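Q: My questions all concern the structure below.
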Amino acid sequence: MQSTLPSVTVVVEFARRFVDAGPSTTSPAQDRVEQELNRHKSAAVLRVNKKLTKKRIWTLLATVKTKYILFIREGHDWSKELLTNLIDEANHTQQALIEPYTFTTSLPNNPEWAAQQLAYNYSRDVSVYGKLFEVSKLLDLPAQLQSVDKSTIYLIYRLYWRIDHTTPINEAYTTRNPTLNSNGLKLRSTNKTPLPLIDTESIDLRSGILRLLILGLRRLRQTSQASVNIRGLGVVARHYRLQNLLGHAQQHHPVEAQLLSWLSSPEHEEYLTKQLTEYDLYTRFSESPLSLEHPSARINTIRAHDTTVYVYREYRPKSLRTRSPSPEIYDFYSRRIRPDSTILIFDRPTAADDNAEHLYRYIKSEMPEYQNVFFALDSSSKDWNRLKAEDFRLTSFYSSEFFDIFLQSDVVISSQMYNLSRRGKDFTNSRFVYLQHGIQLNDMHSWLTSNHYDLIISTGNEETEYLKEVSPVETLNSGMPRLQQITRNAERTNTIVYMPTWNFDNHSLSQDDFSRTQSVQRVNDVLAEPRLLSYLDEQDVVLKVKLHPNLENRSEAFCFSERVLMSSESYQDLIGFSDFVFTDYSSAALDAAFARVPIAFYQPSSKDFYRGQIYHQRLNYREIKLGPVFQKLQSLVSYIVNEAYRFDRDFFEENTKQFFASVDRESICSSIMKKVLAL
């Protein structure tokens with residue numbers, strides 16, 4: 001007689017980022033699990049109200065009575081039939097591990113097809129979530145393996161039980177963690193190596209191990225502190241022969257791939273990273289400080305349990321490198337940028353109205369001899385027809401024509417950082433100008449040094465000094481192109497503007513989960529504040545909310561009303577006709593400061609905000625003194641309703657002038673293009 005006892009325990013983990021999450025209420029994730037398993041008698045649902053650490057996992061396993069266990073976390077997503085199909089597969093096959101296709105970004109409609117479009121063995125999610133484990137086999141892992149980091153459990157389980165290959169069921173699970181590539185993951189281990197050294201020929205497993213080590217190194221570069229023996233990562237890389245798999249990591253994690261290569265083969269301490277016009281850029285690694293000639297720069301110091309690793313960027317004259325005689329290797333720098341050159345320019349694929357659009361307009365107006373200048377944009381963008389009416393030479397983003405233009409181009413110019421690659425051409429061996437889409441107030445050095453550019457635009461001496469710490473050759477202090485035209489058009493417009501930025505950690509959440517986040521709640525606390533709404537009505541003032549481009553398709557989560565409006569105006573028009581602009585952390589507010597519009601910052605919880613970002617806090621917003629900083633909502637509201645921003649301008653305007661002192665408004669675009677033509 002078949003047992004009616006549950007065969008699977010589904011563990012739903014609490015997530016702190018949701019405002020309604022707590023021990024006394026069920027979560028949408030828990031409700032969904034119970035609803036989807038309502039007809040399935042083979043599963044028990046258990047909610048854990050604390051973050052699942054490795055210690056809590058092993059404590060929990062000791063109390064579980066079912067054969068299998070499945071871990072799910074609030075905020076994650078999965079296909080509709082995943083749970084029932086996982087359990088049915090377990091009951092039918094009795095395999096030690098059953099898993100779907102696992103992802104870290106949005107949930108695909110067709111998991112098998114989506115996996116085929118990726119280097120799936122490398123890009124897949126390797127966490128404990130979304131996979132069905134056999135409880136007894138987890139408990140039977142040797143004690144020294146049970147002490148390892150939570151992030152290694154899935155790989156260790158497969159290594160120890162010799163599960164070299166799995167065939168995923170055609171369902172999908174995603175951890176919705178778009179910041180993983182940028183932030184990496186924290187590896188903790190007191191062992192000599194973070195993974196056991198067990199022989200395997202499995203490309204599947206070895207690719208997953210590579211992914212784990214690369215993401216671990218990414219976090220080490222972010223934090224400069226290592227809770228592992230960093231030499232042990234090299235031991236793992238050598239044992240599992242990861243050197244010939246490193247190509248999977250090169251595009252998004254070039255420095256980490258080079259670092260892992262060096263750790264596995266310390267005799268090779270330097271790596272050609274990027275070709276420039278006059279220099280070759282090398283990345284160098286050492287366990288002792290190096291004295292390198294100017295303009296080289298130290299970009300990381302990583303202190304691990306066993307040693308300290310120093311990471312440098314070294315610029316060497318290009319003449320020192322021996323050129324390849326192969327006709328298959330083309331030198332994309334061999335042709336100078338001339339009037340007959342092809343130039344490719346773009347902002348976001350889905351939207352313009354940023355620095356690239358403004359620079360394109362300058363070239364079109366002031367450099368008419370340059371006829372082969374193309375602006376890339378998705379043809380479905382709301383900006384397409386507007387730019388077409390201005391006679392922009394448009395090409396559809398990612399179309400075959402787009403890539404043909406990329407291959408023919410002598411330079412690519414953008415306000416965004418995209419890793420374009422086609423037929424051997426990418427930004428390691430061709431010209432790319434990064435205009436930026438905002439002044440960098442935060443520390444993004446690990447992200448910057450993982451990308452390749454010939455020129456990066458800075459605005460003001462403060463940002464320039466910061467950027468030159470990691471890009472001493474590539475930095476140009478000209479100011480961003482959009483600043484050349486931005487002006488304040490009226491003294492009083494009865495319009496104030498709120499520019500909330502976005503949280504990377506929320507990017508891939510479902511609409512329901514997104515609406516429950518603390519960041520959305522904090523924005524809505526402002527938009528629905530009674531005293532502010534009364535002021536708007538009594539004084540005939542409109543509050544316009546300019547959402548970050550990544551929030552525009554989430555607008556239904558926000559509390560707009562008769563006098564609180566979502567703005568679709570360009571940043572220039574919106575700022576130019578505003579009395580006052582406030583934000584949390586968006587650098588777009590500095591555009592307003594440059595235009596002499598009063599600004600302020602509302603930052604109720606910096607710690608929570610930076611926890612979900614791909615960058616760290618660099619500047620103290622109070623110390624730069626471009627506008628007041630508020631932590632309490634009522635203080636901000638009092639400042640607005642009393643129109644205090646009209647009376648404290650002398651103090652902040654002097655600091656603003658100093659902040660932008662090095663920027664010559666009239667020559668921004670000409671300075672950029674003069675440098676571009678010299679590349």
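Letters for chains follow the order of the structure tokens (A, B, ...), residue numbers begin at 1 for each chain, and ligand numbers begin at 1 in the order shown.
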Neighbours of segment 548-553 of chain A within 7 Å (only C-alpha atoms; same-chain residues fewer than 2 positions away dropped), as a ChimeraX atom specification?

A: /A:500-502,546,555

Q: Among segment 24-88 of chain A, which residues does DSSP mark as strand (DSSP E or B) when it is run on the backbone? Keep the chain and numbering as in the structure and answer as a list in words.

A: Ala43, Ala44, Val45, Leu46, Arg47, Val48, Tyr68, Ile69, Leu70, Phe71, Ile72, Arg73, Asp77 and Trp78 of chain A

Q: Write out as a PDB file with N, CA and C atoms, in the first residue's frame which residues come within 9 Å of Thr308 of chain A when counting only C-alpha atoms, dropping same-chain ones fewer than 3 positions away.

A:
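Writing done, so here's selection04.pdb:
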```pdb
ATOM      1  N   ILE A 230      42.716  32.455  -0.248  1.00  0.00           N
ATOM      2  CA  ILE A 230      42.594  32.783  -1.667  1.00  0.00           C
ATOM      3  C   ILE A 230      43.469  31.871  -2.525  1.00  0.00           C
ATOM      4  N   SER A 286      50.030  40.458  -7.796  1.00  0.00           N
ATOM      5  CA  SER A 286      51.234  40.219  -7.003  1.00  0.00           C
ATOM      6  C   SER A 286      50.835  40.029  -5.540  1.00  0.00           C
ATOM      7  N   GLU A 287      51.678  39.279  -4.817  1.00  0.00           N
ATOM      8  CA  GLU A 287      51.465  39.129  -3.371  1.00  0.00           C
ATOM      9  C   GLU A 287      52.296  40.131  -2.584  1.00  0.00           C
ATOM     10  N   SER A 288      52.919  41.063  -3.287  1.00  0.00           N
ATOM     11  CA  SER A 288      53.633  42.159  -2.630  1.00  0.00           C
ATOM     12  C   SER A 288      53.418  43.418  -3.456  1.00  0.00           C
ATOM     13  N   THR A 301      43.242  45.812  -3.412  1.00  0.00           N
ATOM     14  CA  THR A 301      44.079  45.143  -2.432  1.00  0.00           C
ATOM     15  C   THR A 301      43.171  44.174  -1.690  1.00  0.00           C
ATOM     16  N   ILE A 302      43.377  42.880  -1.868  1.00  0.00           N
ATOM     17  CA  ILE A 302      42.494  41.856  -1.298  1.00  0.00           C
ATOM     18  C   ILE A 302      43.226  41.161  -0.160  1.00  0.00           C
ATOM     19  N   ARG A 303      42.705  41.294   1.032  1.00  0.00           N
ATOM     20  CA  ARG A 303      43.315  40.674   2.212  1.00  0.00           C
ATOM     21  C   ARG A 303      42.561  39.391   2.545  1.00  0.00           C
ATOM     22  N   ALA A 304      43.216  38.271   2.339  1.00  0.00           N
ATOM     23  CA  ALA A 304      42.611  36.963   2.585  1.00  0.00           C
ATOM     24  C   ALA A 304      43.212  36.344   3.841  1.00  0.00           C
ATOM     25  N   HIS A 305      42.709  35.139   4.213  1.00  0.00           N
ATOM     26  CA  HIS A 305      43.245  34.456   5.383  1.00  0.00           C
ATOM     27  C   HIS A 305      44.727  34.155   5.235  1.00  0.00           C
TER      28      HIS A 305
END
```

Q: One number please: atom CA of Arg596 of chain A to atom CA of Lys657 of chain A, in Å, one decimal.

A: 9.3 Å

Q: If we count only C-alpha atoms, what is near segment 190-195 of chain A at a cut-off of 7 Å, once residues fewer than 2 positions away on the same chain are taken out, given as a VMD selection string?

A: chain A and resid 148 156 197 228 to 229 232 to 233 236

Q: Would you export the selected residues with N, CA and C atoms as a PDB file, in the first residue's frame, please?

A:
```pdb
ATOM      1  N   VAL A 148      30.993  23.711   5.345  1.00  0.00           N
ATOM      2  CA  VAL A 148      31.332  24.647   4.283  1.00  0.00           C
ATOM      3  C   VAL A 148      30.228  25.678   4.102  1.00  0.00           C
ATOM      4  N   ILE A 156      28.808  20.696  -3.792  1.00  0.00           N
ATOM      5  CA  ILE A 156      29.410  19.654  -2.951  1.00  0.00           C
ATOM      6  C   ILE A 156      28.542  18.401  -2.946  1.00  0.00           C
ATOM      7  N   LEU A 197      38.258  18.300  -3.237  1.00  0.00           N
ATOM      8  CA  LEU A 197      38.942  17.962  -4.490  1.00  0.00           C
ATOM      9  C   LEU A 197      38.593  16.524  -4.852  1.00  0.00           C
ATOM     10  N   VAL A 228      38.205  33.434   3.046  1.00  0.00           N
ATOM     11  CA  VAL A 228      38.707  32.157   2.542  1.00  0.00           C
ATOM     12  C   VAL A 228      40.221  32.260   2.384  1.00  0.00           C
ATOM     13  N   ASN A 229      40.847  31.131   2.147  1.00  0.00           N
ATOM     14  CA  ASN A 229      42.236  31.106   1.711  1.00  0.00           C
ATOM     15  C   ASN A 229      42.236  31.313   0.202  1.00  0.00           C
ATOM     16  N   GLY A 232      43.710  28.833  -2.056  1.00  0.00           N
ATOM     17  CA  GLY A 232      42.906  27.622  -2.201  1.00  0.00           C
ATOM     18  C   GLY A 232      42.002  27.663  -3.413  1.00  0.00           C
ATOM     19  N   LEU A 233      41.603  28.869  -3.849  1.00  0.00           N
ATOM     20  CA  LEU A 233      40.802  28.977  -5.063  1.00  0.00           C
ATOM     21  C   LEU A 233      41.622  28.533  -6.266  1.00  0.00           C
ATOM     22  N   VAL A 236      41.747  24.728  -6.317  1.00  0.00           N
ATOM     23  CA  VAL A 236      40.509  24.186  -6.890  1.00  0.00           C
ATOM     24  C   VAL A 236      40.517  24.333  -8.410  1.00  0.00           C
TER      25      VAL A 236
END
```

Q: Env of segment 26-36 of chain A: 12 Å cut, atoms = only C-alpha atoms, seq-sep filter 5 positions within chain, self excluded. Answer as a ChimeraX atom specification.

A: /A:9-16,18-21,41-49,70-85,87,510,512-516

Q: Per residue of segment 288-339 of chain A within 12 Å of segment 240-259 of chain A, which atom pair is closest and at what distance in Å (one decimal), using only C-alpha atoms, listed by chain and increasing number, as CSV?

A:
```
residue,atom,partner,partner_atom,distance
A:Ile299,CA,A:Val255,CA,10.5
A:Asn300,CA,A:Val255,CA,10.6
A:Ile302,CA,A:Leu259,CA,11.3
A:Val309,CA,A:Leu259,CA,9.5
A:Tyr310,CA,A:Leu259,CA,10.3
A:Val311,CA,A:Leu259,CA,8.6
A:Tyr312,CA,A:Val255,CA,10.3
A:Arg313,CA,A:Val255,CA,10.2
```

Q: One decimal, in Å: what's the spacing between atom CA of Val542 of chain A and atom CA of Val629 of chain A?

A: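 Rounded to one decimal, the two atoms are 22.0 Å apart.
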
Q: Taking only C-alpha atoms into account, name the residue in A:Leu543, A:Ser399, A:Leu619, A:Ala490 that is nearest to Tyr466 of chain A.

A: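 Closest residue, counting only C-alpha atoms: A:Leu619.
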
Q: I'd like the neighbourhood of segment 291-297 of chain A as a list in words, where a residue qualifies if any of its atoms comes within 8 Å (using only C-alpha atoms), though same-chain residues fewer than 3 positions away should be ignored.

A: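 Contacts, in chain order: Tyr312, Arg313, Glu314, Tyr315, Glu469, Val470, Ser471, Pro472 and Val473 of chain A.
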
Q: Could you give me, as a short mmCIF file (atom, residue, chain, number, x, y, z; two decimals) with N, CA, C and O atoms, in the first residue's frame, the residues within 9 Å of Ile98 of chain A, counting only C-alpha atoms and dropping anything in the same chain fewer than 4 positions from it?

A:
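Saved the output as around_30.cif:
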```cif
data_model
loop_
_atom_site.label_atom_id
_atom_site.label_comp_id
_atom_site.auth_asym_id
_atom_site.auth_seq_id
_atom_site.Cartn_x
_atom_site.Cartn_y
_atom_site.Cartn_z
N LEU A 86 8.19 18.51 -10.03
CA LEU A 86 9.35 18.06 -9.26
C LEU A 86 8.98 16.89 -8.35
O LEU A 86 9.70 15.88 -8.28
N ILE A 87 7.86 17.02 -7.66
CA ILE A 87 7.45 15.98 -6.71
C ILE A 87 7.06 14.71 -7.45
O ILE A 87 7.42 13.59 -7.04
N GLU A 89 8.18 13.72 -10.30
CA GLU A 89 9.42 13.13 -10.81
C GLU A 89 10.16 12.40 -9.69
O GLU A 89 10.71 11.31 -9.90
N ALA A 90 10.16 13.00 -8.50
CA ALA A 90 10.82 12.34 -7.36
C ALA A 90 10.12 11.05 -6.99
O ALA A 90 10.77 10.01 -6.77
N LYS A 131 15.95 23.29 -6.15
CA LYS A 131 16.34 21.91 -6.45
C LYS A 131 15.83 20.97 -5.37
O LYS A 131 15.73 21.35 -4.20
N LEU A 132 15.53 19.73 -5.77
CA LEU A 132 15.02 18.73 -4.84
C LEU A 132 16.16 17.85 -4.38
O LEU A 132 16.76 17.12 -5.19
N PHE A 133 16.52 17.94 -3.09
CA PHE A 133 17.60 17.15 -2.52
C PHE A 133 17.04 15.99 -1.70
O PHE A 133 15.98 16.12 -1.08
N THR A 166 22.90 15.96 -14.73
CA THR A 166 21.46 15.93 -14.47
C THR A 166 20.73 16.39 -15.72
O THR A 166 21.25 17.21 -16.47
N THR A 167 19.57 15.84 -15.94
CA THR A 167 18.71 16.30 -17.04
C THR A 167 17.57 17.09 -16.43
O THR A 167 16.66 16.51 -15.81
N PRO A 168 17.60 18.42 -16.53
CA PRO A 168 16.54 19.23 -15.90
C PRO A 168 15.17 18.90 -16.48
O PRO A 168 15.03 18.63 -17.68
N ILE A 169 14.16 18.90 -15.63
CA ILE A 169 12.80 18.83 -16.14
C ILE A 169 12.49 20.17 -16.80
O ILE A 169 13.09 21.20 -16.45
#
```

Q: Report as a PyMOL selection string: the residues of segment 587-659 of chain A with a DSSP assignment of helix (DSSP H, G or I), based on the backbone of this structure.

A: chain A and resi 588-594+606-611+621-624+633-641+644-646+649-659

Q: Give one line per residue of segment 291-350 of chain A that approaches segment 432-440 of chain A to at most 10 Å, naming the two atoms of the closest pair and their distance in Å to one decimal, counting only C-alpha atoms; sort by chain then ascending residue number and deliver it as JSON lines.

A:
```
{"residue": "A:Leu344", "atom": "CA", "partner": "A:Phe432", "partner_atom": "CA", "distance": 9.7}
{"residue": "A:Ile345", "atom": "CA", "partner": "A:Val433", "partner_atom": "CA", "distance": 9.4}
{"residue": "A:Asp347", "atom": "CA", "partner": "A:His437", "partner_atom": "CA", "distance": 8.5}
{"residue": "A:Arg348", "atom": "CA", "partner": "A:His437", "partner_atom": "CA", "distance": 9.8}
```

Q: With C-alpha atoms retained, export the selected residues as an mmCIF file, in the first residue's frame.

A:
```
data_model
loop_
_atom_site.group_PDB
_atom_site.id
_atom_site.type_symbol
_atom_site.label_atom_id
_atom_site.label_comp_id
_atom_site.auth_asym_id
_atom_site.auth_seq_id
_atom_site.Cartn_x
_atom_site.Cartn_y
_atom_site.Cartn_z
ATOM 1 C CA LEU A 344 27.835 54.318 -33.848
ATOM 2 C CA ILE A 345 26.106 56.187 -31.006
ATOM 3 C CA ASP A 347 21.800 55.584 -25.163
ATOM 4 C CA ARG A 348 19.615 52.765 -23.842
#
```

Q: Rounded to one decimal place, report the atom CA of Ile198 of chain A-atom CA of Ser182 of chain A distance in Å.

A: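 Spanning atom CA of Ile198 of chain A to atom CA of Ser182 of chain A is a straight-line distance of 29.3 Å.
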